[in-house]
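As structure tokens, the structure follows; a few thoughts come after it.
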Protein chains: 2
Amino acid sequence: MSTSADARRPGRPRSPEAHAAILRAALELALEGGLRGLSMEAIAARAGVGKATIYRRWKSKEALFMDALGEIATTPDVPDTGTVRGDFMAASAQAVDRLAPQAFRLVPRLLAEAGDDPELLEAMHEALLRPRKALIAEILRRGVERGELRAGLDIDLATDMVLGPIIARVLTSGGDPRSIAGLPLRVWDALVEGMGA
Amino acid sequence: MSTSADARRPGRPRSPEAHAAILRAALELALEGGLRGLSMEAIAARAGVGKATIYRRWKSKEALFMDALGEIATTPDVPDTGTVRGDFMAASAQAVDRLAPQAFRLVPRLLAEAGDDPELLEAMHEALLRPRKALIAEILRRGVERGELRAGLDIDLATDMVLGPIIARVLTSGGDPRSIAGLPLRVWDALVEGMGA
DNA sequence: TCGTTTCGGTACTCTTCCGTCTCGAAACGA
DNA sequence: TCGTTTCGAGACGGAAGAGTACCGAAACGA
């Protein structure tokens with residue numbers, strides 16, 4: 001509760017610069033070498049920091065990385081433009097803006113790598129995937145209420161059909177952000193119109 | 001060219017059982033612990049084989065794993081039932097049959113983990129992803145020729161829209177095969193009909 | 001039988017990394 | 001000034017695993 005100044009401990013305060021440098025170094029290294037290439041030694045060296053400075057703040061590599069995960073994306077808020085297409089356009093622009101550029105390469109890699117580690121998998125879902133799926137689901141739900149979308153629409157299925165192609169494209173392109181430029185809207189239009197002759 | 005018997009070397013022949021046991025052990029261990037949990041020591045122990053027996057056949061862990069990859073899926077052939085829906089139904093049934101059950105957990109994990117290693121990424125694409133994308137693209141192309149699908153259909157986009165949701169569902173479910181039961185056809189029907197009111 | 005090669009197993013060196021600990025310097029409050 | 005804590009840096013012991021070398025036994029052709 002009280003993170004106020006009177007709870008301050010004596011002695012030299014912890015450096016916020018070191019804190020930020022450690023998180024940034026962890027993300028950079030995860031991006032370059034995956035979770036396998038992520039060693040405490042490398043993080044300390046990259047951040048220009050002693051290893052003790054890291055262990056003073058986090059008790060394990062996993063705990064550190066969970067915090068670092070929070071740095072790559074802020075929670076999206078739900079746009080309301082009146083049409084599903086408008087909402088979706090705003091949401092995808094927001095996703096691109098608020099996700100760090102690294103995320104396009106890092107997130108899908110982590111998502112799969114997390115198969116080894118249930119806790120990491122859950123942290124990924126909680127921090128990154130679920131908020132975005134919920135966002136899309138909400139947009140779709142309002143579209144159905146408005147009569148803009150088919151009444152019996154399977155929201156879960158539709159959500160995966162919107163997100164899936166984007167995830168797939170990122171995965172198979174090695175995470176090049178250009179590969180998904182304009183893709184969300186093209187996917188959406190194709191979904192609405194259907195493919196039948 | 002001549003893998004014939006006359007090219008046989010003197011001495012005790014290499015054991016095919018050991019060969020198979022090594023590949024099987026590598027797949028099992030990759031499935032249990034990801035590529036991180038894959039050590040030559042563990043493979044040798046699991047296979048009941050000496051490490052030298054492995055190094056006699058493959059010069060590195062990566063080379064071994066490339067071969068092991070080939071074991072999990074056989075190349076699909078293109079069905080021709082006369083309708084896109086029929087082709088697609090046959091293809092997805094085939095995919096489930098021909099992919100080892102492990103593949104549903106292993107492949108997506110590898111796909112992302114392979115971001116570390118361009119060679120492995122390429123091997124994955126070549127062995128697993130490209131044949132299946134090509135299969136779907138071919139089915140769609142014939143659908144367009146037949147007039148069953150819209151003339152201007154973007155085949156690449158449509159392929160990702162078919163495969164993407166399935167990949168996404170597998171990823172986010174942790175690779176439970178039941179999570180995609182019936183999904184391919186539901187995706188396909190939704191794609192054809194469209195979502196508009 | 002003899003020479004060659006592979007067999008499973010193990011011992012070995014080398015490298016990488018973890019997590020702890022210590023160092024002298026620096027940054028704070030009292 | 002004095003006590004406390006953090007700072008960057010690195011030494012240290014231990015664990016894990018890569019890749020090599022060697023062992024005696026077994027499986028082949030000549």
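Letters A, B, ... go to the chains of the structure tokens in the order shown; residues in each chain start at 1; ligands are counted from 1 in the same order.
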
Long-range neighbours of D:DG24 as a VMD selection string, 12 Å cut-off, only C-alpha atoms (C1' of nucleotides), 4 positions minimum in chain: chain C and resid 7 to 9

Please produce an output containing N, CA and C atoms (P, O5', C5', C4', C3', O3' and C1' of nucleotides) for each residue in the selection, written as a PDB file, in the first residue's frame.
```pdb
ATOM      1  P    DC C   7      26.329 -48.581 -34.915  1.00  0.00           P
ATOM      2  O5'  DC C   7      26.440 -49.424 -33.572  1.00  0.00           O
ATOM      3  C5'  DC C   7      25.888 -50.729 -33.550  1.00  0.00           C
ATOM      4  C4'  DC C   7      26.157 -51.389 -32.218  1.00  0.00           C
ATOM      5  C3'  DC C   7      25.948 -50.500 -31.012  1.00  0.00           C
ATOM      6  O3'  DC C   7      24.592 -50.530 -30.619  1.00  0.00           O
ATOM      7  C1'  DC C   7      27.957 -51.796 -30.813  1.00  0.00           C
ATOM      8  P    DG C   8      23.937 -49.352 -29.889  1.00  0.00           P
ATOM      9  O5'  DG C   8      24.340 -49.585 -28.376  1.00  0.00           O
ATOM     10  C5'  DG C   8      23.978 -50.789 -27.742  1.00  0.00           C
ATOM     11  C4'  DG C   8      24.649 -50.872 -26.381  1.00  0.00           C
ATOM     12  C3'  DG C   8      24.320 -49.708 -25.432  1.00  0.00           C
ATOM     13  O3'  DG C   8      24.149 -50.211 -24.113  1.00  0.00           O
ATOM     14  C1'  DG C   8      26.659 -49.784 -25.812  1.00  0.00           C
ATOM     15  P    DG C   9      23.786 -49.192 -22.917  1.00  0.00           P
ATOM     16  O5'  DG C   9      25.209 -48.765 -22.350  1.00  0.00           O
ATOM     17  C5'  DG C   9      26.100 -49.775 -21.895  1.00  0.00           C
ATOM     18  C4'  DG C   9      27.397 -49.161 -21.435  1.00  0.00           C
ATOM     19  C3'  DG C   9      27.241 -47.903 -20.560  1.00  0.00           C
ATOM     20  O3'  DG C   9      27.778 -48.171 -19.275  1.00  0.00           O
ATOM     21  C1'  DG C   9      28.934 -47.634 -22.223  1.00  0.00           C
TER      22       DG C   9
END
```

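Excluding stretch 14-30 of chain C and any residue on its chain fewer than 3 positions from it, the residues at most 9 Å away by only C-alpha atoms (C1' of nucleotides) are Arg9, Pro10, Gly11, Arg12, Pro13, Ser39, Met40, Glu41, Ala52 and Tyr55 of chain A; DC2, DT4, DT5, DT6, DC7, DA9, DA11, DC12, DG14, DA15, DA16 and DA18 of chain D.
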
Can you spit out the residues from that selection as a compact mmCIF listing (two decimals), in the first residue's frame, using C-alpha atoms (C1' of nucleotides)?
```txt
# COMPACT_ATOMS: atom_id res chain seq x y z
CA ARG A 9 15.05 2.80 3.21
CA PRO A 10 18.37 4.29 4.27
CA GLY A 11 21.38 4.10 1.96
CA ARG A 12 21.85 4.71 -1.73
CA PRO A 13 18.60 4.40 -3.71
CA SER A 39 21.44 -15.55 -20.07
CA MET A 40 21.83 -13.43 -16.98
CA GLU A 41 25.47 -12.90 -17.88
CA ALA A 52 24.24 -8.63 -8.39
CA TYR A 55 19.57 -10.47 -8.59
C1' DC D 2 28.94 8.12 9.92
C1' DT D 4 23.68 1.97 5.21
C1' DT D 5 22.68 0.55 0.73
C1' DT D 6 23.54 0.28 -4.20
C1' DC D 7 26.78 0.74 -7.76
C1' DA D 9 32.90 -5.47 -11.89
C1' DA D 11 36.14 -14.16 -8.88
C1' DC D 12 34.40 -18.46 -7.48
C1' DG D 14 29.10 -26.01 -9.16
C1' DA D 15 26.08 -28.06 -12.76
C1' DA D 16 25.11 -29.29 -17.38
C1' DA D 18 29.08 -30.78 -26.14
```

Residue list (helix (DSSP H, G or I), DSSP) for chain B, as a PyMOL selection string: chain B and resi 5-7+16-33+35-37+40-47+51-55+61-69+84-98+103-116+118-145+155-172+177-180+183-193

query: Near B:Pro184, counting only C-alpha atoms (C1' of nucleotides), which residues have an atom at most 9 Å away, once you skip same-chain residues fewer than 5 positions from it, shown as a VMD selection string?
result: chain B and resid 88 to 89 92 162 to 163 165 to 166 189

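Our summary of the geometry notes that atom CA of A:Thr74 is positioned 6.2 Å from atom CA of A:Arg98.
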
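Nearest-residue note for chain C: choosing from A:Leu38, A:Ile136, A:Ala151, A:Ile22, the minimum distance belongs to A:Leu38, counting only C-alpha atoms (C1' of nucleotides).
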
message: Residues of chain D were defined as contacting chain B if any atom lay at most 9 Å from it, counting only C-alpha atoms (C1' of nucleotides); please report them as a ChimeraX atom specification.
response: /D:17-20,26-29

- prompt: Can you tell me how far atom CA of B:Ser173 sits from atom CA of A:Phe65, in Å to one decimal?
  reply: 22.0 Å

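When only C-alpha atoms are used to measure the gap to B:Phe104, the shortest distance among B:Arg186, B:His19, B:Arg178, B:His125 belongs to B:Arg178.
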
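For the residues A:Val78, A:Met66, A:Leu149, A:Leu31, ranking by smallest atom-to-atom distance to chain B using only C-alpha atoms places A:Leu149 first.
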